Every structure is written in structure tokens, then in C-alpha cells.
>>> print(open('data26.tsv').read())   # TSV, N, CA and C atoms
chain	number	residue	atom	x	y	z
A	1	MET	N	73.29	21.24	-34.84
A	1	MET	CA	74.75	21.22	-34.89
A	1	MET	C	75.20	22.07	-36.08
A	2	LYS	N	76.18	22.92	-35.84
A	2	LYS	CA	76.73	23.76	-36.90
A	2	LYS	C	77.94	23.04	-37.51
A	3	ILE	N	77.86	22.77	-38.83
A	3	ILE	CA	78.90	22.04	-39.55
A	3	ILE	C	79.50	22.95	-40.61
A	4	LEU	N	80.82	23.00	-40.66
A	4	LEU	CA	81.53	23.70	-41.73
A	4	LEU	C	81.86	22.67	-42.79
A	5	LEU	N	81.36	22.86	-44.00
A	5	LEU	CA	81.60	21.94	-45.11
A	5	LEU	C	82.55	22.61	-46.09
A	6	VAL	N	83.64	21.92	-46.42
A	6	VAL	CA	84.63	22.46	-47.35
A	6	VAL	C	84.91	21.45	-48.45
A	7	ALA	N	85.26	21.96	-49.64
A	7	ALA	CA	85.61	21.10	-50.77
A	7	ALA	C	86.22	21.93	-51.87
A	8	ASP	N	87.12	21.32	-52.60
A	8	ASP	CA	87.66	21.80	-53.87
A	8	ASP	C	88.53	23.05	-53.84
A	9	VAL	N	88.09	24.12	-53.18
A	9	VAL	CA	88.83	25.38	-53.22
A	9	VAL	C	89.16	25.83	-51.79
A	10	GLU	N	90.42	26.10	-51.56
A	10	GLU	CA	90.84	26.61	-50.25
A	10	GLU	C	90.42	28.07	-50.13
A	11	SER	N	89.73	28.38	-49.09
A	11	SER	CA	89.24	29.74	-48.89
A	11	SER	C	90.36	30.65	-48.42
A	12	SER	N	90.64	31.68	-49.20
A	12	SER	CA	91.66	32.64	-48.78
A	12	SER	C	91.16	33.41	-47.55
A	13	TYR	N	89.85	33.53	-47.42
A	13	TYR	CA	89.28	34.18	-46.24
A	13	TYR	C	89.72	33.44	-44.97
A	14	ILE	N	89.62	32.10	-45.01
A	14	ILE	CA	90.00	31.31	-43.84
A	14	ILE	C	91.52	31.25	-43.71
A	15	TRP	N	92.22	31.03	-44.81
A	15	TRP	CA	93.68	30.92	-44.80
A	15	TRP	C	94.33	32.21	-44.33
A	16	ASN	N	93.96	33.32	-44.94
A	16	ASN	CA	94.69	34.58	-44.74
A	16	ASN	C	94.08	35.54	-43.73
A	17	PHE	N	92.78	35.42	-43.48
A	17	PHE	CA	92.11	36.39	-42.62
A	17	PHE	C	91.28	35.69	-41.55
A	18	PHE	N	91.83	34.64	-40.96
A	18	PHE	CA	91.06	33.84	-40.01
A	18	PHE	C	90.62	34.67	-38.81
A	19	ASP	N	89.33	34.57	-38.51
A	19	ASP	CA	88.73	35.25	-37.36
A	19	ASP	C	88.02	34.19	-36.53
A	20	SER	N	88.61	33.80	-35.42
A	20	SER	CA	88.06	32.71	-34.60
A	20	SER	C	86.62	32.98	-34.16
A	21	GLU	N	86.27	34.23	-33.99
A	21	GLU	CA	84.91	34.59	-33.57
A	21	GLU	C	83.86	34.10	-34.57
A	22	ARG	N	84.17	34.16	-35.85
A	22	ARG	CA	83.22	33.75	-36.89
A	22	ARG	C	82.99	32.23	-36.92
A	23	PHE	N	83.90	31.47	-36.31
A	23	PHE	CA	83.81	30.01	-36.34
A	23	PHE	C	83.59	29.40	-34.96
A	24	LYS	N	83.28	30.23	-33.98
A	24	LYS	CA	83.20	29.75	-32.60
A	24	LYS	C	82.10	28.71	-32.39
A	25	ASP	N	81.05	28.71	-33.19
A	25	ASP	CA	79.94	27.77	-33.02
A	25	ASP	C	80.09	26.51	-33.86
A	26	VAL	N	81.13	26.41	-34.67
A	26	VAL	CA	81.33	25.23	-35.51
A	26	VAL	C	81.67	24.04	-34.62
A	27	GLU	N	80.86	22.97	-34.74
A	27	GLU	CA	81.07	21.78	-33.93
A	27	GLU	C	81.75	20.65	-34.69
A	28	LEU	N	81.72	20.73	-36.02
A	28	LEU	CA	82.30	19.69	-36.86
A	28	LEU	C	82.66	20.27	-38.21
A	29	ILE	N	83.77	19.78	-38.77
A	29	ILE	CA	84.19	20.18	-40.11
A	29	ILE	C	84.16	18.93	-40.98
A	30	ILE	N	83.60	19.05	-42.18
A	30	ILE	CA	83.59	17.95	-43.13
A	30	ILE	C	84.23	18.43	-44.43
A	31	SER	N	85.20	17.64	-44.91
A	31	SER	CA	85.83	17.93	-46.19
A	31	SER	C	85.40	16.88	-47.20
A	32	CYS	N	84.89	17.35	-48.32
A	32	CYS	CA	84.40	16.45	-49.37
A	32	CYS	C	85.43	16.26	-50.49
A	33	GLY	N	86.67	16.64	-50.25
A	33	GLY	CA	87.74	16.28	-51.17
A	33	GLY	C	88.38	17.43	-51.92
A	34	ASP	N	89.53	17.09	-52.49
A	34	ASP	CA	90.32	17.97	-53.35
A	34	ASP	C	90.86	19.21	-52.63
A	35	LEU	N	91.28	19.01	-51.39
A	35	LEU	CA	91.94	20.06	-50.63
A	35	LEU	C	93.27	19.52	-50.11
A	36	LYS	N	94.27	20.37	-50.02
A	36	LYS	CA	95.58	19.95	-49.52
A	36	LYS	C	95.46	19.48	-48.07
A	37	SER	N	96.25	18.46	-47.75
A	37	SER	CA	96.21	17.95	-46.37
A	37	SER	C	96.63	19.03	-45.37
A	38	GLN	N	97.55	19.92	-45.76
A	38	GLN	CA	97.98	20.99	-44.86
A	38	GLN	C	96.82	21.93	-44.53
A	39	TYR	N	95.96	22.17	-45.50
A	39	TYR	CA	94.81	23.04	-45.29
A	39	TYR	C	93.85	22.41	-44.27
A	40	LEU	N	93.59	21.11	-44.42
A	40	LEU	CA	92.70	20.43	-43.48
A	40	LEU	C	93.30	20.41	-42.08
A	41	SER	N	94.61	20.15	-41.98
A	41	SER	CA	95.27	20.17	-40.68
A	41	SER	C	95.20	21.56	-40.04
A	42	TYR	N	95.32	22.59	-40.87
A	42	TYR	CA	95.20	23.97	-40.40
A	42	TYR	C	93.79	24.21	-39.84
A	43	LEU	N	92.77	23.79	-40.59
A	43	LEU	CA	91.38	24.01	-40.16
A	43	LEU	C	91.10	23.36	-38.82
A	44	VAL	N	91.51	22.10	-38.67
A	44	VAL	CA	91.22	21.38	-37.43
A	44	VAL	C	91.94	22.02	-36.25
A	45	THR	N	93.06	22.66	-36.51
A	45	THR	CA	93.82	23.31	-35.45
A	45	THR	C	93.21	24.65	-35.05
A	46	VAL	N	92.92	25.51	-36.01
A	46	VAL	CA	92.45	26.86	-35.67
A	46	VAL	C	90.97	26.90	-35.27
A	47	ILE	N	90.18	25.97	-35.81
A	47	ILE	CA	88.75	25.97	-35.46
A	47	ILE	C	88.50	25.12	-34.22
A	48	ASN	N	89.41	24.21	-33.92
A	48	ASN	CA	89.31	23.38	-32.73
A	48	ASN	C	88.01	22.57	-32.71
A	49	ALA	N	87.74	21.91	-33.83
A	49	ALA	CA	86.60	21.01	-33.96
A	49	ALA	C	87.08	19.78	-34.72
A	50	PRO	N	86.46	18.63	-34.51
A	50	PRO	CA	86.85	17.45	-35.27
A	50	PRO	C	86.64	17.67	-36.77
A	51	LEU	N	87.45	17.00	-37.57
A	51	LEU	CA	87.33	17.12	-39.03
A	51	LEU	C	87.26	15.71	-39.62
A	52	PHE	N	86.16	15.43	-40.32
A	52	PHE	CA	85.99	14.18	-41.07
A	52	PHE	C	86.22	14.51	-42.53
A	53	TYR	N	86.88	13.60	-43.25
A	53	TYR	CA	87.11	13.85	-44.67
A	53	TYR	C	86.97	12.59	-45.50
A	54	VAL	N	86.69	12.80	-46.78
A	54	VAL	CA	86.79	11.76	-47.79
A	54	VAL	C	87.71	12.30	-48.87
A	55	PRO	N	88.47	11.42	-49.51
A	55	PRO	CA	89.36	11.90	-50.56
A	55	PRO	C	88.60	12.21	-51.85
A	56	GLY	N	89.07	13.25	-52.52
A	56	GLY	CA	88.55	13.56	-53.84
A	56	GLY	C	89.44	12.92	-54.89
A	57	ASN	N	89.09	13.11	-56.15
A	57	ASN	CA	89.85	12.49	-57.22
A	57	ASN	C	91.24	13.11	-57.42
A	58	HIS	N	91.54	14.20	-56.74
A	58	HIS	CA	92.86	14.83	-56.84
A	58	HIS	C	93.67	14.71	-55.55
A	59	ASP	N	93.30	13.77	-54.69
A	59	ASP	CA	93.94	13.67	-53.37
A	59	ASP	C	94.89	12.48	-53.23
A	60	GLN	N	95.61	12.15	-54.29
A	60	GLN	CA	96.56	11.04	-54.24
A	60	GLN	C	97.63	11.26	-53.17
A	61	SER	N	97.94	12.49	-52.86
A	61	SER	CA	98.97	12.79	-51.86
A	61	SER	C	98.56	12.34	-50.45
A	62	TYR	N	97.26	12.12	-50.21
A	62	TYR	CA	96.80	11.67	-48.89
A	62	TYR	C	97.39	10.31	-48.52
A	63	GLU	N	97.72	9.50	-49.53
A	63	GLU	CA	98.27	8.17	-49.25
A	63	GLU	C	99.61	8.28	-48.52
A	64	LYS	N	100.43	9.24	-48.90
A	64	LYS	CA	101.74	9.43	-48.27
A	64	LYS	C	101.69	10.48	-47.15
A	65	ASN	N	100.79	11.45	-47.28
A	65	ASN	CA	100.74	12.56	-46.34
A	65	ASN	C	99.28	12.86	-45.97
A	66	PRO	N	98.66	12.01	-45.14
A	66	PRO	CA	97.26	12.27	-44.77
A	66	PRO	C	97.15	13.51	-43.88
A	67	PRO	N	96.00	14.16	-43.89
A	67	PRO	CA	95.81	15.34	-43.04
A	67	PRO	C	95.96	14.98	-41.56
A	68	GLU	N	96.85	15.68	-40.87
A	68	GLU	CA	97.10	15.40	-39.45
A	68	GLU	C	95.95	15.93	-38.60
A	69	GLY	N	95.56	15.12	-37.62
A	69	GLY	CA	94.51	15.52	-36.70
A	69	GLY	C	93.11	15.37	-37.27
A	70	CYS	N	92.99	14.75	-38.44
A	70	CYS	CA	91.70	14.60	-39.12
A	70	CYS	C	91.39	13.11	-39.27
A	71	ASP	N	90.11	12.78	-39.43
A	71	ASP	CA	89.68	11.39	-39.54
A	71	ASP	C	89.07	11.11	-40.90
A	72	SER	N	89.64	10.14	-41.61
A	72	SER	CA	89.05	9.70	-42.87
A	72	SER	C	87.82	8.86	-42.56
A	73	ILE	N	86.71	9.19	-43.21
A	73	ILE	CA	85.50	8.38	-43.06
A	73	ILE	C	85.15	7.72	-44.39
A	74	ASP	N	86.11	7.64	-45.28
A	74	ASP	CA	85.89	7.01	-46.59
A	74	ASP	C	85.56	5.53	-46.40
A	75	GLY	N	84.39	5.13	-46.85
A	75	GLY	CA	83.95	3.75	-46.73
A	75	GLY	C	83.55	3.36	-45.32
A	76	LYS	N	83.24	4.35	-44.49
A	76	LYS	CA	82.90	4.07	-43.09
A	76	LYS	C	81.62	4.79	-42.69
A	77	ILE	N	80.97	4.24	-41.66
A	77	ILE	CA	79.85	4.92	-41.02
A	77	ILE	C	80.35	5.36	-39.65
A	78	VAL	N	80.22	6.65	-39.37
A	78	VAL	CA	80.69	7.23	-38.12
A	78	VAL	C	79.53	7.98	-37.47
A	79	THR	N	79.36	7.78	-36.17
A	79	THR	CA	78.33	8.52	-35.43
A	79	THR	C	79.01	9.59	-34.60
A	80	TYR	N	78.52	10.82	-34.75
A	80	TYR	CA	79.06	11.94	-33.99
A	80	TYR	C	77.89	12.74	-33.46
A	81	LYS	N	77.82	12.87	-32.14
A	81	LYS	CA	76.74	13.59	-31.46
A	81	LYS	C	75.37	13.11	-31.94
A	82	GLY	N	75.24	11.79	-32.09
A	82	GLY	CA	73.97	11.19	-32.45
A	82	GLY	C	73.63	11.22	-33.93
A	83	ILE	N	74.47	11.80	-34.75
A	83	ILE	CA	74.23	11.88	-36.19
A	83	ILE	C	75.14	10.89	-36.89
A	84	LYS	N	74.56	10.07	-37.79
A	84	LYS	CA	75.31	9.03	-38.49
A	84	LYS	C	75.75	9.55	-39.87
A	85	PHE	N	77.06	9.50	-40.09
A	85	PHE	CA	77.67	9.96	-41.34
A	85	PHE	C	78.23	8.76	-42.10
A	86	LEU	N	78.05	8.76	-43.41
A	86	LEU	CA	78.68	7.76	-44.28
A	86	LEU	C	79.56	8.51	-45.27
A	87	GLY	N	80.81	8.12	-45.37
A	87	GLY	CA	81.73	8.76	-46.30
A	87	GLY	C	82.00	7.89	-47.52
A	88	LEU	N	81.87	8.46	-48.69
A	88	LEU	CA	82.23	7.79	-49.95
A	88	LEU	C	82.97	8.80	-50.81
A	89	GLY	N	84.27	8.67	-50.82
A	89	GLY	CA	85.09	9.61	-51.57
A	89	GLY	C	85.31	9.18	-53.00
A	90	GLY	N	85.99	10.05	-53.74
A	90	GLY	CA	86.36	9.76	-55.12
A	90	GLY	C	85.42	10.37	-56.13
A	91	SER	N	85.62	9.96	-57.37
A	91	SER	CA	84.80	10.47	-58.45
A	91	SER	C	84.62	9.39	-59.51
A	92	MET	N	83.83	9.72	-60.51
A	92	MET	CA	83.67	8.84	-61.65
A	92	MET	C	85.02	8.69	-62.34
A	93	LYS	N	85.35	7.50	-62.75
A	93	LYS	CA	86.66	7.23	-63.35
A	93	LYS	C	86.75	7.88	-64.74
A	94	TYR	N	87.77	8.71	-64.91
A	94	TYR	CA	88.03	9.31	-66.22
A	94	TYR	C	89.47	9.09	-66.67
A	95	LYS	N	90.30	8.55	-65.75
A	95	LYS	CA	91.65	8.11	-66.09
A	95	LYS	C	92.07	7.11	-65.03
A	96	ASP	N	93.20	6.46	-65.22
A	96	ASP	CA	93.65	5.47	-64.26
A	96	ASP	C	94.40	6.16	-63.12
A	97	ALA	N	93.70	6.41	-62.04
A	97	ALA	CA	94.29	7.10	-60.89
A	97	ALA	C	93.53	6.70	-59.63
A	98	ALA	N	94.13	6.97	-58.49
A	98	ALA	CA	93.50	6.67	-57.20
A	98	ALA	C	92.23	7.47	-57.02
A	99	TYR	N	91.32	6.91	-56.26
A	99	TYR	CA	90.06	7.55	-55.88
A	99	TYR	C	89.16	7.88	-57.06
A	100	GLN	N	89.28	7.08	-58.11
A	100	GLN	CA	88.37	7.18	-59.25
A	100	GLN	C	87.77	5.80	-59.49
A	101	TYR	N	86.46	5.76	-59.70
A	101	TYR	CA	85.76	4.49	-59.73
A	101	TYR	C	84.81	4.41	-60.92
A	102	THR	N	84.72	3.20	-61.50
A	102	THR	CA	83.68	2.94	-62.48
A	102	THR	C	82.38	2.76	-61.70
A	103	GLU	N	81.27	2.73	-62.40
A	103	GLU	CA	79.99	2.50	-61.71
A	103	GLU	C	79.99	1.16	-61.00
A	104	LYS	N	80.54	0.14	-61.65
A	104	LYS	CA	80.60	-1.19	-61.02
A	104	LYS	C	81.45	-1.18	-59.75
A	105	GLU	N	82.58	-0.49	-59.80
A	105	GLU	CA	83.45	-0.41	-58.62
A	105	GLU	C	82.75	0.30	-57.47
A	106	MET	N	82.01	1.36	-57.78
A	106	MET	CA	81.29	2.09	-56.73
A	106	MET	C	80.15	1.23	-56.18
A	107	GLU	N	79.46	0.52	-57.05
A	107	GLU	CA	78.40	-0.39	-56.59
A	107	GLU	C	78.97	-1.42	-55.63
A	108	LYS	N	80.16	-1.91	-55.92
A	108	LYS	CA	80.82	-2.89	-55.06
A	108	LYS	C	81.15	-2.28	-53.69
A	109	ARG	N	81.65	-1.05	-53.70
A	109	ARG	CA	81.95	-0.35	-52.44
A	109	ARG	C	80.69	-0.20	-51.59
A	110	ILE	N	79.60	0.20	-52.24
A	110	ILE	CA	78.33	0.39	-51.52
A	110	ILE	C	77.80	-0.96	-51.03
A	111	GLY	N	77.95	-1.99	-51.86
A	111	GLY	CA	77.50	-3.33	-51.47
A	111	GLY	C	78.17	-3.81	-50.20
A	112	LYS	N	79.45	-3.52	-50.04
A	112	LYS	CA	80.18	-3.92	-48.84
A	112	LYS	C	79.67	-3.20	-47.59
A	113	LEU	N	79.05	-2.04	-47.80
A	113	LEU	CA	78.54	-1.25	-46.67
A	113	LEU	C	77.13	-1.65	-46.24
A	114	LYS	N	76.43	-2.43	-47.06
A	114	LYS	CA	75.04	-2.77	-46.75
A	114	LYS	C	74.84	-3.38	-45.37
A	115	PRO	N	75.68	-4.35	-44.95
A	115	PRO	CA	75.48	-4.88	-43.59
A	115	PRO	C	75.62	-3.81	-42.51
A	116	LYS	N	76.57	-2.90	-42.67
A	116	LYS	CA	76.75	-1.82	-41.70
A	116	LYS	C	75.56	-0.87	-41.73
A	117	LEU	N	75.02	-0.61	-42.92
A	117	LEU	CA	73.85	0.26	-43.04
A	117	LEU	C	72.66	-0.35	-42.32
A	118	ILE	N	72.48	-1.66	-42.47
A	118	ILE	CA	71.37	-2.34	-41.80
A	118	ILE	C	71.58	-2.32	-40.29
A	119	LEU	N	72.79	-2.65	-39.87
A	119	LEU	CA	73.11	-2.68	-38.44
A	119	LEU	C	72.91	-1.31	-37.79
A	120	ASN	N	73.27	-0.24	-38.50
A	120	ASN	CA	73.13	1.12	-37.98
A	120	ASN	C	71.75	1.72	-38.22
A	121	ARG	N	70.89	0.96	-38.86
A	121	ARG	CA	69.55	1.45	-39.22
A	121	ARG	C	69.62	2.70	-40.08
A	122	GLY	N	70.50	2.64	-41.07
A	122	GLY	CA	70.62	3.75	-42.01
A	122	GLY	C	71.62	4.80	-41.56
A	123	ILE	N	71.60	5.91	-42.28
A	123	ILE	CA	72.50	7.03	-42.00
A	123	ILE	C	71.70	8.32	-42.05
A	124	ASP	N	72.29	9.38	-41.57
A	124	ASP	CA	71.66	10.69	-41.63
A	124	ASP	C	72.27	11.55	-42.73
A	125	ILE	N	73.59	11.47	-42.89
A	125	ILE	CA	74.28	12.32	-43.86
A	125	ILE	C	75.27	11.48	-44.65
A	126	LEU	N	75.21	11.60	-45.98
A	126	LEU	CA	76.14	10.91	-46.88
A	126	LEU	C	77.13	11.91	-47.39
>>> encode(input="data26.tsv", output="C-alpha cells")
Amino acid sequence: MKILLVADVESSYIWNFFDSERFKDVELIISCGDLKSQYLSYLVTVINAPLFYVPGNHDQSYEKNPPEGCDSIDGKIVTYKGIKFLGLGGSMKYKDAAYQYTEKEMEKRIGKLKPKLILNRGIDIL
């Protein structure tokens, strides 16, 4: 499966010079955070593939304006074409803001997922 992975920086190549031929084999898009919701909505539209995302530490705007046509997999296990994905967004806490976690908070998030991990017999991609 061909996966387009994006994070942190919006590609001007994709934004300004999109060539559908170069992305024709992409079956899935994954965003690992810190991209504008409009950019993710654009990608899912022009590439015509599902888009899974997790929020980054700069994605507070997702709460009011989530990316349209995209699926958040933050804190979830999702199976797509037989491959199991687990999404864990955010970053190490460095200030009081959304999607930032202390080690204890992240351990708690992972602990809540343990039953799902056992039930799914693990994951393929984190």
C-alpha cells in the first residue's frame, strides 16, 4: 500500500503545483500533526484517498474547525485494508495547552488502549 505521510510543513509543491499523476497510486494519507485543517481537507479532495490524522501540539484550531472529509484516529485503533493503525497525537508538555501531555498523562492514555490492543492482537503502524 502506498501511503502519503505529511506533518509540520505544508508542501508548496502540493499546494501550488499539484499534479494528480504523481499521486495516482496513493491509497491513504496520514497526517502526524501541525498542519492547517484546510490543507488536510485540500489533500483528501485532490488526492481522492482517505486521510487519517492525529493532532499535533499546534492544532488547537481542530477543536472548532476539524479537517473536513478526514478521520481523527487520535486514541483509536483503525483497520484499513488489513493494516491496523494506532493514533496518538500531541507532544511532550512544555506549556499549558491542548494536545500536550506529561509522561504520566501519556502513560494513562496508552493504558486505556491496552484492552483494545489485546483485542486487536496488536497494531501494525503507530
>>> closest_residue(input="data26.tsv", among="A:Phe23, A:Leu35, A:Gly56, A:Asp124", to="Tyr101 in chain A", atoms="only C-alpha atoms")
A:Gly56
>>> residues_around(input="data26.tsv", residues="Gly75 in chain A", least_positions_apart="4", cutoff="6 Å", atoms="only N, CA and C atoms", output="PDB file with N, CA and C atoms, in the coordinates of the input")
ATOM      1  N   GLY A  87      80.810   8.120 -45.370  1.00  0.00           N
ATOM      2  CA  GLY A  87      81.730   8.760 -46.300  1.00  0.00           C
ATOM      3  C   GLY A  87      82.000   7.890 -47.520  1.00  0.00           C
ATOM      4  N   LEU A  88      81.870   8.460 -48.690  1.00  0.00           N
ATOM      5  CA  LEU A  88      82.230   7.790 -49.950  1.00  0.00           C
ATOM      6  C   LEU A  88      82.970   8.800 -50.810  1.00  0.00           C
ATOM      7  N   GLY A  89      84.270   8.670 -50.820  1.00  0.00           N
ATOM      8  CA  GLY A  89      85.090   9.610 -51.570  1.00  0.00           C
ATOM      9  C   GLY A  89      85.310   9.180 -53.000  1.00  0.00           C
TER      10      GLY A  89
END
>>> select_by_dssp(input="data26.tsv", residues="chain A", states="alpha helix (DSSP H)", output="number ranges by chain")
A: 12-16, 37-47, 103-119
>>> closest_residue(input="data26.tsv", among="A:Glu68, A:Glu27, A:Asp34, A:Glu107", to="Ala49 in chain A", atoms="all atoms listed in the file")
A:Glu27
>>> residues_around(input="data26.tsv", residues="Leu113 in chain A", least_positions_apart="5", cutoff="8 Å", atoms="only N, CA and C atoms", output="PyMOL selection string")
chain A and resi 75-77+107-108+118-119
>>> atom_distance(input="data26.tsv", atom1="atom C of Gly33 in chain A", atom2="CA of Gly90 in chain A")
8.6 Å
>>> atom_distance(input="data26.tsv", atom1="atom C of Ile73 in chain A", atom2="atom C of Tyr53 in chain A")
5.3 Å
>>> atom_distance(input="data26.tsv", atom1="CA of Lys2 in chain A", atom2="CA of Gly82 in chain A")
13.6 Å
>>> closest_residue(input="data26.tsv", among="A:Gln38, A:Asn65, A:Ser72, A:Val6", to="Leu51 in chain A", atoms="only N, CA and C atoms")
A:Ser72
>>> closest_residue(input="data26.tsv", among="A:Lys104, A:Lys64, A:His58, A:Lys116", to="Ser91 in chain A", atoms="only N, CA and C atoms")
A:His58
>>> closest_residue(input="data26.tsv", among="A:Ile123, A:Val54, A:Leu40, A:Ile110", to="Ile83 in chain A", atoms="all atoms listed in the file")
A:Ile123
>>> closest_residue(input="data26.tsv", among="A:Asp71, A:Ser20, A:Thr45, A:Gln60", to="Ala98 in chain A", atoms="all atoms listed in the file")
A:Gln60
